[in-house]
file run_3.csv (CSV, C-alpha atoms and all ligand atoms)
chain,number,residue,atom,x,y,z
Z,1,MET,CA,7.0,-11.8,17.8
Z,2,ILE,CA,3.6,-11.8,16.2
Z,3,HIS,CA,0.9,-9.9,18.3
Z,4,ILE,CA,-2.5,-11.6,18.1
Z,5,LYS,CA,-5.4,-9.2,18.3
Z,6,SER,CA,-8.6,-9.8,20.0
Z,7,ALA,CA,-11.9,-9.3,18.2
Z,8,ALA,CA,-12.4,-6.1,20.2
Z,9,GLU,CA,-9.0,-4.8,19.2
Z,10,ILE,CA,-9.7,-5.6,15.6
Z,11,GLU,CA,-12.9,-3.5,15.9
Z,12,GLU,CA,-10.8,-0.6,17.3
Z,13,MET,CA,-8.3,-0.9,14.5
Z,14,LYS,CA,-11.1,-0.2,12.0
Z,15,GLN,CA,-11.2,3.4,13.0
Z,16,ALA,CA,-7.5,3.9,12.1
Z,17,GLY,CA,-8.1,1.9,8.9
Z,18,SER,CA,-11.0,4.0,7.9
Z,19,LEU,CA,-9.1,7.2,8.4
Z,20,SER,CA,-6.2,5.9,6.4
Z,21,LYS,CA,-8.6,5.0,3.5
Z,22,GLN,CA,-10.3,8.3,3.6
Z,23,ALA,CA,-7.0,10.1,3.5
Z,24,LEU,CA,-6.0,8.0,0.5
Z,25,ARG,CA,-9.3,8.7,-1.2
Z,26,LEU,CA,-8.7,12.4,-0.6
Z,27,ALA,CA,-5.2,12.1,-2.1
Z,28,GLY,CA,-6.5,10.3,-5.1
Z,29,SER,CA,-9.2,12.9,-5.7
Z,30,MET,CA,-6.4,15.6,-5.9
Z,31,VAL,CA,-4.4,13.7,-8.5
Z,32,ARG,CA,-4.3,15.6,-11.8
Z,33,PRO,CA,-1.8,17.2,-14.1
Z,34,GLY,CA,-0.2,20.3,-12.6
Z,35,VAL,CA,-0.6,19.5,-8.9
Z,36,SER,CA,2.5,19.1,-6.7
Z,37,THR,CA,3.0,16.1,-4.5
Z,38,LYS,CA,3.5,18.5,-1.6
Z,39,GLU,CA,0.0,19.9,-2.1
Z,40,ILE,CA,-1.4,16.4,-1.7
Z,41,ASP,CA,0.8,15.8,1.3
Z,42,VAL,CA,-0.4,19.0,3.1
Z,43,ALA,CA,-4.0,18.2,2.5
Z,44,VAL,CA,-3.7,14.6,3.7
Z,45,GLU,CA,-1.8,15.7,6.9
Z,46,SER,CA,-4.5,18.3,7.6
Z,47,PHE,CA,-7.3,15.8,7.1
Z,48,ILE,CA,-5.7,13.2,9.4
Z,49,ARG,CA,-5.0,15.7,12.2
Z,50,LEU,CA,-8.5,17.3,11.8
Z,51,HIS,CA,-9.9,13.8,12.7
Z,52,GLY,CA,-7.7,13.6,15.8
Z,53,ALA,CA,-5.3,11.1,14.3
Z,54,ILE,CA,-1.6,11.2,13.6
Z,55,PRO,CA,0.0,10.8,10.2
Z,56,THR,CA,1.9,7.6,10.9
Z,57,PHE,CA,4.7,8.2,8.3
Z,58,LYS,CA,5.7,11.7,9.4
Z,59,GLY,CA,9.0,11.5,11.2
Z,60,TYR,CA,9.0,7.7,10.9
Z,61,GLY,CA,12.8,6.9,10.7
Z,62,GLY,CA,13.1,10.6,9.8
Z,63,PHE,CA,10.7,10.5,6.8
Z,64,PRO,CA,9.7,14.1,6.1
Z,65,GLY,CA,6.3,13.5,4.6
Z,66,SER,CA,2.8,12.5,5.7
Z,67,ILE,CA,2.4,10.5,2.5
Z,68,CYS,CA,4.8,8.7,0.3
Z,69,ALA,CA,4.4,9.9,-3.3
Z,70,SER,CA,6.2,7.7,-5.8
Z,71,LEU,CA,6.1,8.6,-9.4
Z,72,ASN,CA,6.5,6.2,-12.4
Z,73,GLU,CA,9.8,4.4,-11.9
Z,74,GLN,CA,9.7,5.1,-8.2
Z,75,ILE,CA,8.5,2.0,-6.4
Z,76,VAL,CA,8.0,3.2,-2.8
Z,77,HIS,CA,9.1,6.0,-0.4
Z,78,GLY,CA,8.9,8.9,-2.8
Z,79,ILE,CA,9.2,12.2,-0.8
Z,80,PRO,CA,6.5,14.8,-1.4
Z,81,SER,CA,7.9,18.0,-2.8
Z,82,PRO,CA,6.6,21.4,-3.8
Z,83,GLU,CA,8.9,21.1,-6.9
Z,84,VAL,CA,7.5,17.8,-8.2
Z,85,PHE,CA,4.4,18.3,-10.4
Z,86,LEU,CA,2.2,15.6,-11.9
Z,87,ASN,CA,2.1,15.3,-15.6
Z,88,ASP,CA,-0.4,13.7,-18.0
Z,89,GLY,CA,0.6,10.1,-18.5
Z,90,ASP,CA,2.3,9.7,-15.1
Z,91,VAL,CA,1.3,7.1,-12.5
Z,92,ILE,CA,1.7,8.0,-8.9
Z,93,SER,CA,1.7,5.5,-6.0
Z,94,ILE,CA,0.5,7.2,-2.8
Z,95,ASP,CA,0.8,5.5,0.6
Z,96,THR,CA,-1.1,6.9,3.6
Z,97,GLY,CA,-1.0,5.9,7.2
Z,98,ALA,CA,-3.0,7.1,10.2
Z,99,THR,CA,-2.6,6.3,13.9
Z,100,PHE,CA,-5.8,6.6,15.9
Z,101,GLY,CA,-6.6,5.4,19.3
Z,102,GLY,CA,-3.2,3.8,19.5
Z,103,TRP,CA,-3.7,1.7,16.4
Z,104,VAL,CA,-2.2,2.1,12.9
Z,105,GLY,CA,-3.9,1.8,9.5
Z,106,ASP,CA,-1.7,1.5,6.4
Z,107,ASN,CA,-2.7,1.5,2.8
Z,108,ALA,CA,-1.5,2.5,-0.7
Z,109,TRP,CA,-2.9,2.9,-4.2
Z,110,THR,CA,-1.4,3.7,-7.7
Z,111,PHE,CA,-3.4,6.4,-9.6
Z,112,PHE,CA,-3.4,7.5,-13.2
Z,113,VAL,CA,-2.6,11.1,-13.9
Z,114,GLY,CA,-4.6,11.8,-17.0
Z,115,THR,CA,-4.2,9.0,-19.5
Z,116,PRO,CA,-1.4,6.4,-18.9
Z,117,SER,CA,0.1,4.1,-21.5
Z,118,GLU,CA,-1.7,0.8,-22.1
Z,119,ALA,CA,1.3,-1.0,-20.7
Z,120,VAL,CA,1.2,0.9,-17.5
Z,121,ARG,CA,-2.6,0.6,-17.2
Z,122,GLY,CA,-2.2,-3.2,-17.5
Z,123,LEU,CA,0.5,-3.2,-14.8
Z,124,CYS,CA,-1.7,-1.3,-12.4
Z,125,GLU,CA,-4.7,-3.5,-13.0
Z,126,VAL,CA,-2.7,-6.7,-12.5
Z,127,THR,CA,-1.0,-5.3,-9.4
Z,128,ARG,CA,-4.4,-4.5,-7.9
Z,129,ASP,CA,-5.5,-8.0,-8.7
Z,130,CYS,CA,-2.4,-9.4,-7.1
Z,131,LEU,CA,-3.5,-7.6,-3.9
Z,132,LYS,CA,-6.9,-9.2,-4.1
Z,133,ALA,CA,-5.4,-12.6,-4.8
Z,134,GLY,CA,-3.1,-12.2,-1.8
Z,135,ILE,CA,-6.0,-11.2,0.5
Z,136,GLU,CA,-8.0,-14.3,-0.6
Z,137,GLN,CA,-5.2,-16.4,0.8
Z,138,ALA,CA,-5.2,-14.7,4.2
Z,139,VAL,CA,-7.3,-17.2,6.1
Z,140,PRO,CA,-6.6,-19.3,9.2
Z,141,GLY,CA,-4.7,-22.5,8.4
Z,142,ASN,CA,-3.0,-21.1,5.3
Z,143,HIS,CA,0.7,-20.0,5.4
Z,144,LEU,CA,2.4,-16.8,4.6
Z,145,GLY,CA,3.9,-18.5,1.6
Z,146,ASP,CA,0.4,-18.9,0.2
Z,147,ILE,CA,-0.1,-15.2,0.1
Z,148,GLY,CA,3.3,-14.6,-1.5
Z,149,HIS,CA,2.8,-17.4,-4.0
Z,150,ALA,CA,-0.6,-16.0,-5.1
Z,151,VAL,CA,0.8,-12.5,-5.7
Z,152,GLN,CA,4.0,-13.8,-7.4
Z,153,GLN,CA,2.2,-16.3,-9.7
Z,154,LEU,CA,-0.3,-13.7,-11.0
Z,155,ALA,CA,2.4,-11.0,-11.6
Z,156,GLU,CA,4.9,-13.3,-13.3
Z,157,ALA,CA,2.2,-14.8,-15.5
Z,158,HIS,CA,1.9,-11.4,-17.0
Z,159,GLY,CA,5.7,-11.1,-17.3
Z,160,TYR,CA,6.0,-8.5,-14.6
Z,161,GLY,CA,8.7,-8.2,-11.9
Z,162,VAL,CA,8.1,-8.9,-8.2
Z,163,VAL,CA,10.1,-6.6,-5.8
Z,164,ARG,CA,11.9,-8.7,-3.2
Z,165,GLU,CA,13.6,-6.2,-0.9
Z,166,TYR,CA,10.4,-4.5,0.3
Z,167,VAL,CA,7.5,-6.5,1.7
Z,168,GLY,CA,4.2,-6.3,3.6
Z,169,HIS,CA,4.2,-6.6,7.4
Z,170,GLY,CA,2.3,-7.0,10.6
Z,171,VAL,CA,0.3,-4.0,11.8
Z,172,GLY,CA,-0.7,-3.0,15.3
Z,173,HIS,CA,0.3,-0.3,17.7
Z,174,VAL,CA,3.2,0.4,15.4
Z,175,MET,CA,3.3,0.3,11.6
Z,176,HIS,CA,5.8,-2.5,11.2
Z,177,GLU,CA,5.3,-5.5,13.3
Z,178,ASP,CA,6.2,-9.2,12.7
Z,179,PRO,CA,5.7,-11.0,10.5
Z,180,ASN,CA,7.2,-9.9,7.1
Z,181,VAL,CA,4.7,-10.6,4.3
Z,182,PRO,CA,6.7,-11.2,1.1
Z,183,ASN,CA,5.1,-10.9,-2.3
Z,184,PHE,CA,6.8,-14.1,-3.4
Z,185,GLY,CA,6.9,-17.6,-1.8
Z,186,LYS,CA,5.9,-21.2,-1.9
Z,187,LYS,CA,2.6,-22.7,-1.0
Z,188,GLY,CA,2.4,-24.1,2.4
Z,189,ARG,CA,5.6,-22.5,3.6
Z,190,GLY,CA,6.3,-19.9,6.2
Z,191,VAL,CA,4.3,-18.9,9.3
Z,192,ARG,CA,1.0,-20.5,9.7
Z,193,LEU,CA,-1.8,-17.9,9.6
Z,194,GLN,CA,-4.2,-17.7,12.5
Z,195,ALA,CA,-7.2,-15.6,13.5
Z,196,GLY,CA,-6.2,-12.3,15.1
Z,197,MET,CA,-3.2,-11.6,12.9
Z,198,VAL,CA,-3.3,-8.2,11.3
Z,199,ILE,CA,-1.1,-7.7,8.3
Z,200,ALA,CA,-0.5,-5.2,5.5
Z,201,ILE,CA,-0.4,-7.0,2.1
Z,202,GLU,CA,1.3,-4.7,-0.4
Z,203,PRO,CA,2.4,-6.0,-3.8
Z,204,MET,CA,5.1,-3.9,-5.5
Z,205,ILE,CA,5.2,-5.0,-9.1
Z,206,THR,CA,7.3,-3.7,-12.0
Z,207,LEU,CA,6.9,-3.5,-15.7
Z,208,GLY,CA,10.5,-4.5,-16.3
Z,209,THR,CA,13.1,-5.7,-13.9
Z,210,HIS,CA,12.4,-6.0,-10.2
Z,211,GLU,CA,16.0,-5.0,-9.5
Z,212,ASN,CA,16.0,-1.6,-7.8
Z,213,HIS,CA,18.1,0.9,-5.9
Z,214,THR,CA,17.7,3.8,-3.5
Z,215,LEU,CA,18.2,7.4,-4.6
Z,216,GLY,CA,20.7,9.8,-2.9
Z,217,ASN,CA,17.9,11.2,-0.7
Z,218,GLY,CA,18.2,7.9,1.3
Z,219,TRP,CA,14.5,7.0,0.8
Z,220,THR,CA,13.2,6.8,-2.7
Z,221,VAL,CA,13.4,3.3,-4.2
Z,222,VAL,CA,13.5,3.2,-8.1
Z,223,THR,CA,13.6,0.5,-10.7
Z,224,ASP,CA,17.1,-0.1,-12.1
Z,225,ASP,CA,15.7,0.0,-15.7
Z,226,GLY,CA,13.6,3.2,-15.2
Z,227,LYS,CA,10.4,1.3,-16.1
Z,228,ALA,CA,7.2,1.9,-14.1
Z,229,ALA,CA,6.2,0.3,-10.9
Z,230,ALA,CA,2.8,-0.1,-9.2
Z,231,HIS,CA,1.9,-0.5,-5.5
Z,232,TYR,CA,-1.4,-1.4,-3.9
Z,233,GLU,CA,-1.9,-2.1,-0.2
Z,234,ASN,CA,-4.6,-2.8,2.4
Z,235,THR,CA,-4.4,-3.7,6.1
Z,236,ILE,CA,-6.4,-6.8,6.8
Z,237,ALA,CA,-7.3,-8.9,9.8
Z,238,ILE,CA,-7.3,-12.7,9.5
Z,239,THR,CA,-10.5,-14.0,11.2
Z,240,GLU,CA,-12.4,-17.3,11.4
Z,241,ASP,CA,-14.9,-15.7,9.0
Z,242,GLY,CA,-12.1,-14.9,6.5
Z,243,PRO,CA,-10.0,-11.8,5.7
Z,244,VAL,CA,-11.5,-8.5,6.9
Z,245,ILE,CA,-10.1,-5.4,5.2
Z,246,LEU,CA,-9.6,-2.8,7.9
Z,247,THR,CA,-8.5,0.0,5.6
Z,248,GLN,CA,-12.0,0.8,4.3
Z,249,ASP,CA,-14.4,3.7,4.6
Z,250,GLU,CA,-18.1,3.9,4.0
Z,251,ASP,CA,-17.4,3.5,0.2
Z,252,GLY,CA,-15.4,0.4,0.7
Z,253,PRO,CA,-11.7,-0.6,0.5
Z,254,TRP,CA,-11.1,0.0,-3.2
Z,255,LEU,CA,-10.5,3.3,-5.0
Z,256,PRO,CA,-10.8,4.4,-8.5
Z,257,MET,CA,-7.6,4.1,-10.5
Z,258,GLN,CA,-8.2,7.3,-12.3
Z,259,GLY,CA,-6.9,10.3,-10.4
Z,260,GLY,CA,-9.3,13.1,-9.7
Z,261,GLN,CA,-12.2,10.9,-8.7
Z,262,LYS,CA,-13.5,9.7,-5.4
L,1,MG,MG,2.9,-0.9,4.5

call {"tool": "encode", "arguments": {"input": "run_3.csv", "output": "structure tokens", "more": "lines below"}}
Ligand code: MG
result
Amino acid sequence: MIHIKSAAEIEEMKQAGSLSKQALRLAGSMVRPGVSTKEIDVAVESFIRLHGAIPTFKGYGGFPGSICASLNEQIVHGIPSPEVFLNDGDVISIDTGATFGGWVGDNAWTFFVGTPSEAVRGLCEVTRDCLKAGIEQAVPGNHLGDIGHAVQQLAEAHGYGVVREYVGHGVGHVMHEDPNVPNFGKKGRGVRLQAGMVIAIEPMITLGTHENHTLGNGWTVVTDDGKAAAHYENTIAITEDGPVILTQDEDGPWLPMQGGQK
């Protein structure tokens, strides 16, 4: 069942969204060679709790971290660890979620650690553009398939893979509500979009095959061919005035790709 939010509820959700973005901005500012993913996790959890919010992911289905930290061939759900250190040339996808005032904000970004390969840089730029293309389609009267189609078309035009098994989702009092928001689809198909829907759009795009599997830890999803993946996500509200990105702070909804910056 899709929960339609009132304009007042969407306003309330902006606080959770802003904290989620600020947490992600903090995480990105810490990305540099030599830092462990656990250090970033600890800082993000502290930041979220300091602001009276709850790290949404911690304990979700038993997930141990406050962030997901997915390196290189890891697509999503990487577990932060004191033994995983970032290296020059890596890319790291970080996902942060904050629950505040009973509402959830969910967002993700892939950052460069030092200098990535040209191939990986291109993958990240196109995946971010896929997110933008998906958001543009999130208007009343369109269908879910219009979002997925826009993402898929752009990614595949560059020869990239579109992950099928993990998708965007409705967001509200809990992180995962209806509907599912696939990154593939056909124009005009699927649920008709209406004002008051709040969804996370989150393209997961791969340099090689989109086929993937889960590691033995039960969480971390990796590409079958070991090639890199990228993941960008914002939570947006569909309104009569167009899509409104809820996961934004005073500096906006977009982050630098280069780690170590704000
Ligand atoms: Mg999400």

call {"tool": "atom_distance", "arguments": {"input": "run_3.csv", "atom1": "CA of Lys262 (chain Z)", "atom2": "atom MG of ligand MG 1 (chain L)"}}
result
21.9 Å

call {"tool": "closest_residue", "arguments": {"input": "run_3.csv", "among": "Z:Val113, Z:Ile205, Z:Ala157, Z:Ala237", "to": "Glu9 (chain Z)", "atoms": "all atoms listed in the file"}}
result
Z:Ala237

call {"tool": "residues_around", "arguments": {"input": "run_3.csv", "residues": "Leu215 (chain Z)", "least_positions_apart": "3", "cutoff": "12 Å", "atoms": "only C-alpha atoms", "output": "PyMOL selection string"}}
result
chain Z and resi 73-79+212+218-224

call {"tool": "residues_near_ligand", "arguments": {"input": "run_3.csv", "ligand": "ligand MG 1 (chain L)", "cutoff": "10 Å", "atoms": "only C-alpha atoms and all ligand atoms", "output": "CSV table (one decimal) with C-alpha atoms, in the coordinates of the input"}}
result
chain,number,residue,atom,x,y,z
Z,76,VAL,CA,8.0,3.2,-2.8
Z,95,ASP,CA,0.8,5.5,0.6
Z,96,THR,CA,-1.1,6.9,3.6
Z,97,GLY,CA,-1.0,5.9,7.2
Z,105,GLY,CA,-3.9,1.8,9.5
Z,106,ASP,CA,-1.7,1.5,6.4
Z,107,ASN,CA,-2.7,1.5,2.8
Z,108,ALA,CA,-1.5,2.5,-0.7
Z,166,TYR,CA,10.4,-4.5,0.3
Z,167,VAL,CA,7.5,-6.5,1.7
Z,168,GLY,CA,4.2,-6.3,3.6
Z,169,HIS,CA,4.2,-6.6,7.4
Z,170,GLY,CA,2.3,-7.0,10.6
Z,171,VAL,CA,0.3,-4.0,11.8
Z,175,MET,CA,3.3,0.3,11.6
Z,176,HIS,CA,5.8,-2.5,11.2
Z,181,VAL,CA,4.7,-10.6,4.3
Z,199,ILE,CA,-1.1,-7.7,8.3
Z,200,ALA,CA,-0.5,-5.2,5.5
Z,201,ILE,CA,-0.4,-7.0,2.1
Z,202,GLU,CA,1.3,-4.7,-0.4
Z,203,PRO,CA,2.4,-6.0,-3.8
Z,232,TYR,CA,-1.4,-1.4,-3.9
Z,233,GLU,CA,-1.9,-2.1,-0.2
Z,234,ASN,CA,-4.6,-2.8,2.4
Z,235,THR,CA,-4.4,-3.7,6.1

call {"tool": "atom_distance", "arguments": {"input": "run_3.csv", "atom1": "CA of Ser20 (chain Z)", "atom2": "CA of Ala98 (chain Z)"}}
result
5.1 Å

call {"tool": "residues_around", "arguments": {"input": "run_3.csv", "residues": "Phe184 (chain Z)", "least_positions_apart": "5", "cutoff": "6 Å", "atoms": "only C-alpha atoms", "output": "PyMOL selection string"}}
result
chain Z and resi 148-149+152

call {"tool": "residues_around", "arguments": {"input": "run_3.csv", "residues": "region 162-164 of chain Z", "least_positions_apart": "5", "cutoff": "7 Å", "atoms": "only C-alpha atoms", "output": "PyMOL selection string"}}
result
chain Z and resi 152+155+183+204-206+210

call {"tool": "build_atoms", "arguments": {"input": "run_3.csv", "residues": "region 78-100 of chain Z", "atoms": "N, CA, C and O atoms", "output": "PDB file, in the frame of the given file"}}
result
ATOM      1  N   GLY Z  78       8.684   7.637  -2.150  1.00  0.00           N
ATOM      2  CA  GLY Z  78       8.900   8.900  -2.800  1.00  0.00           C
ATOM      3  C   GLY Z  78       8.574  10.048  -1.761  1.00  0.00           C
ATOM      4  O   GLY Z  78       7.607   9.943  -0.995  1.00  0.00           O
ATOM      5  N   ILE Z  79       9.395  11.083  -1.740  1.00  0.00           N
ATOM      6  CA  ILE Z  79       9.200  12.200  -0.800  1.00  0.00           C
ATOM      7  C   ILE Z  79       8.397  13.291  -1.443  1.00  0.00           C
ATOM      8  O   ILE Z  79       8.771  13.778  -2.510  1.00  0.00           O
ATOM      9  N   PRO Z  80       7.285  13.688  -0.814  1.00  0.00           N
ATOM     10  CA  PRO Z  80       6.500  14.800  -1.400  1.00  0.00           C
ATOM     11  C   PRO Z  80       7.298  16.071  -1.473  1.00  0.00           C
ATOM     12  O   PRO Z  80       8.074  16.365  -0.563  1.00  0.00           O
ATOM     13  N   SER Z  81       7.099  16.804  -2.561  1.00  0.00           N
ATOM     14  CA  SER Z  81       7.900  18.000  -2.800  1.00  0.00           C
ATOM     15  C   SER Z  81       7.097  19.075  -3.501  1.00  0.00           C
ATOM     16  O   SER Z  81       6.306  18.762  -4.396  1.00  0.00           O
ATOM     17  N   PRO Z  82       7.318  20.342  -3.124  1.00  0.00           N
ATOM     18  CA  PRO Z  82       6.600  21.400  -3.800  1.00  0.00           C
ATOM     19  C   PRO Z  82       7.196  21.614  -5.257  1.00  0.00           C
ATOM     20  O   PRO Z  82       6.649  22.375  -6.039  1.00  0.00           O
ATOM     21  N   GLU Z  83       8.265  20.928  -5.567  1.00  0.00           N
ATOM     22  CA  GLU Z  83       8.900  21.100  -6.900  1.00  0.00           C
ATOM     23  C   GLU Z  83       8.591  19.894  -7.809  1.00  0.00           C
ATOM     24  O   GLU Z  83       9.059  19.863  -8.947  1.00  0.00           O
ATOM     25  N   VAL Z  84       7.841  18.917  -7.315  1.00  0.00           N
ATOM     26  CA  VAL Z  84       7.500  17.800  -8.200  1.00  0.00           C
ATOM     27  C   VAL Z  84       6.010  17.902  -8.552  1.00  0.00           C
ATOM     28  O   VAL Z  84       5.118  17.841  -7.698  1.00  0.00           O
ATOM     29  N   PHE Z  85       5.776  18.114  -9.833  1.00  0.00           N
ATOM     30  CA  PHE Z  85       4.400  18.300 -10.400  1.00  0.00           C
ATOM     31  C   PHE Z  85       4.016  17.096 -11.188  1.00  0.00           C
ATOM     32  O   PHE Z  85       4.851  16.516 -11.886  1.00  0.00           O
ATOM     33  N   LEU Z  86       2.743  16.753 -11.104  1.00  0.00           N
ATOM     34  CA  LEU Z  86       2.200  15.600 -11.900  1.00  0.00           C
ATOM     35  C   LEU Z  86       1.996  16.021 -13.319  1.00  0.00           C
ATOM     36  O   LEU Z  86       1.548  17.131 -13.591  1.00  0.00           O
ATOM     37  N   ASN Z  87       2.298  15.083 -14.216  1.00  0.00           N
ATOM     38  CA  ASN Z  87       2.100  15.300 -15.600  1.00  0.00           C
ATOM     39  C   ASN Z  87       1.184  14.257 -16.236  1.00  0.00           C
ATOM     40  O   ASN Z  87       1.158  13.111 -15.762  1.00  0.00           O
ATOM     41  N   ASP Z  88       0.461  14.668 -17.277  1.00  0.00           N
ATOM     42  CA  ASP Z  88      -0.400  13.700 -18.000  1.00  0.00           C
ATOM     43  C   ASP Z  88       0.403  12.514 -18.417  1.00  0.00           C
ATOM     44  O   ASP Z  88       1.483  12.662 -18.983  1.00  0.00           O
ATOM     45  N   GLY Z  89      -0.114  11.339 -18.114  1.00  0.00           N
ATOM     46  CA  GLY Z  89       0.600  10.100 -18.500  1.00  0.00           C
ATOM     47  C   GLY Z  89       1.386   9.497 -17.376  1.00  0.00           C
ATOM     48  O   GLY Z  89       1.814   8.347 -17.483  1.00  0.00           O
ATOM     49  N   ASP Z  90       1.581  10.247 -16.290  1.00  0.00           N
ATOM     50  CA  ASP Z  90       2.300   9.700 -15.100  1.00  0.00           C
ATOM     51  C   ASP Z  90       1.375   8.683 -14.400  1.00  0.00           C
ATOM     52  O   ASP Z  90       0.149   8.726 -14.513  1.00  0.00           O
ATOM     53  N   VAL Z  91       1.997   7.832 -13.610  1.00  0.00           N
ATOM     54  CA  VAL Z  91       1.300   7.100 -12.500  1.00  0.00           C
ATOM     55  C   VAL Z  91       1.946   7.504 -11.231  1.00  0.00           C
ATOM     56  O   VAL Z  91       3.165   7.685 -11.173  1.00  0.00           O
ATOM     57  N   ILE Z  92       1.115   7.641 -10.207  1.00  0.00           N
ATOM     58  CA  ILE Z  92       1.700   8.000  -8.900  1.00  0.00           C
ATOM     59  C   ILE Z  92       1.126   7.022  -7.850  1.00  0.00           C
ATOM     60  O   ILE Z  92      -0.084   6.812  -7.740  1.00  0.00           O
ATOM     61  N   SER Z  93       2.063   6.416  -7.128  1.00  0.00           N
ATOM     62  CA  SER Z  93       1.700   5.500  -6.000  1.00  0.00           C
ATOM     63  C   SER Z  93       1.735   6.374  -4.743  1.00  0.00           C
ATOM     64  O   SER Z  93       2.748   7.000  -4.423  1.00  0.00           O
ATOM     65  N   ILE Z  94       0.586   6.395  -4.055  1.00  0.00           N
ATOM     66  CA  ILE Z  94       0.500   7.200  -2.800  1.00  0.00           C
ATOM     67  C   ILE Z  94       0.204   6.204  -1.669  1.00  0.00           C
ATOM     68  O   ILE Z  94      -0.657   5.319  -1.779  1.00  0.00           O
ATOM     69  N   ASP Z  95       0.949   6.382  -0.601  1.00  0.00           N
ATOM     70  CA  ASP Z  95       0.800   5.500   0.600  1.00  0.00           C
ATOM     71  C   ASP Z  95       0.414   6.468   1.726  1.00  0.00           C
ATOM     72  O   ASP Z  95       1.033   7.525   1.922  1.00  0.00           O
ATOM     73  N   THR Z  96      -0.660   6.123   2.430  1.00  0.00           N
ATOM     74  CA  THR Z  96      -1.100   6.900   3.600  1.00  0.00           C
ATOM     75  C   THR Z  96      -1.201   6.013   4.803  1.00  0.00           C
ATOM     76  O   THR Z  96      -1.625   4.860   4.692  1.00  0.00           O
ATOM     77  N   GLY Z  97      -0.856   6.573   5.961  1.00  0.00           N
ATOM     78  CA  GLY Z  97      -1.000   5.900   7.200  1.00  0.00           C
ATOM     79  C   GLY Z  97      -1.557   6.803   8.276  1.00  0.00           C
ATOM     80  O   GLY Z  97      -1.138   7.963   8.332  1.00  0.00           O
ATOM     81  N   ALA Z  98      -2.494   6.310   9.085  1.00  0.00           N
ATOM     82  CA  ALA Z  98      -3.000   7.100  10.200  1.00  0.00           C
ATOM     83  C   ALA Z  98      -2.965   6.288  11.466  1.00  0.00           C
ATOM     84  O   ALA Z  98      -3.268   5.083  11.458  1.00  0.00           O
ATOM     85  N   THR Z  99      -2.569   6.951  12.536  1.00  0.00           N
ATOM     86  CA  THR Z  99      -2.600   6.300  13.900  1.00  0.00           C
ATOM     87  C   THR Z  99      -3.699   6.963  14.662  1.00  0.00           C
ATOM     88  O   THR Z  99      -3.749   8.189  14.808  1.00  0.00           O
ATOM     89  N   PHE Z 100      -4.617   6.128  15.132  1.00  0.00           N
ATOM     90  CA  PHE Z 100      -5.800   6.600  15.900  1.00  0.00           C
ATOM     91  C   PHE Z 100      -6.099   5.673  16.996  1.00  0.00           C
ATOM     92  O   PHE Z 100      -6.171   4.455  16.785  1.00  0.00           O
TER      93      PHE Z 100
END
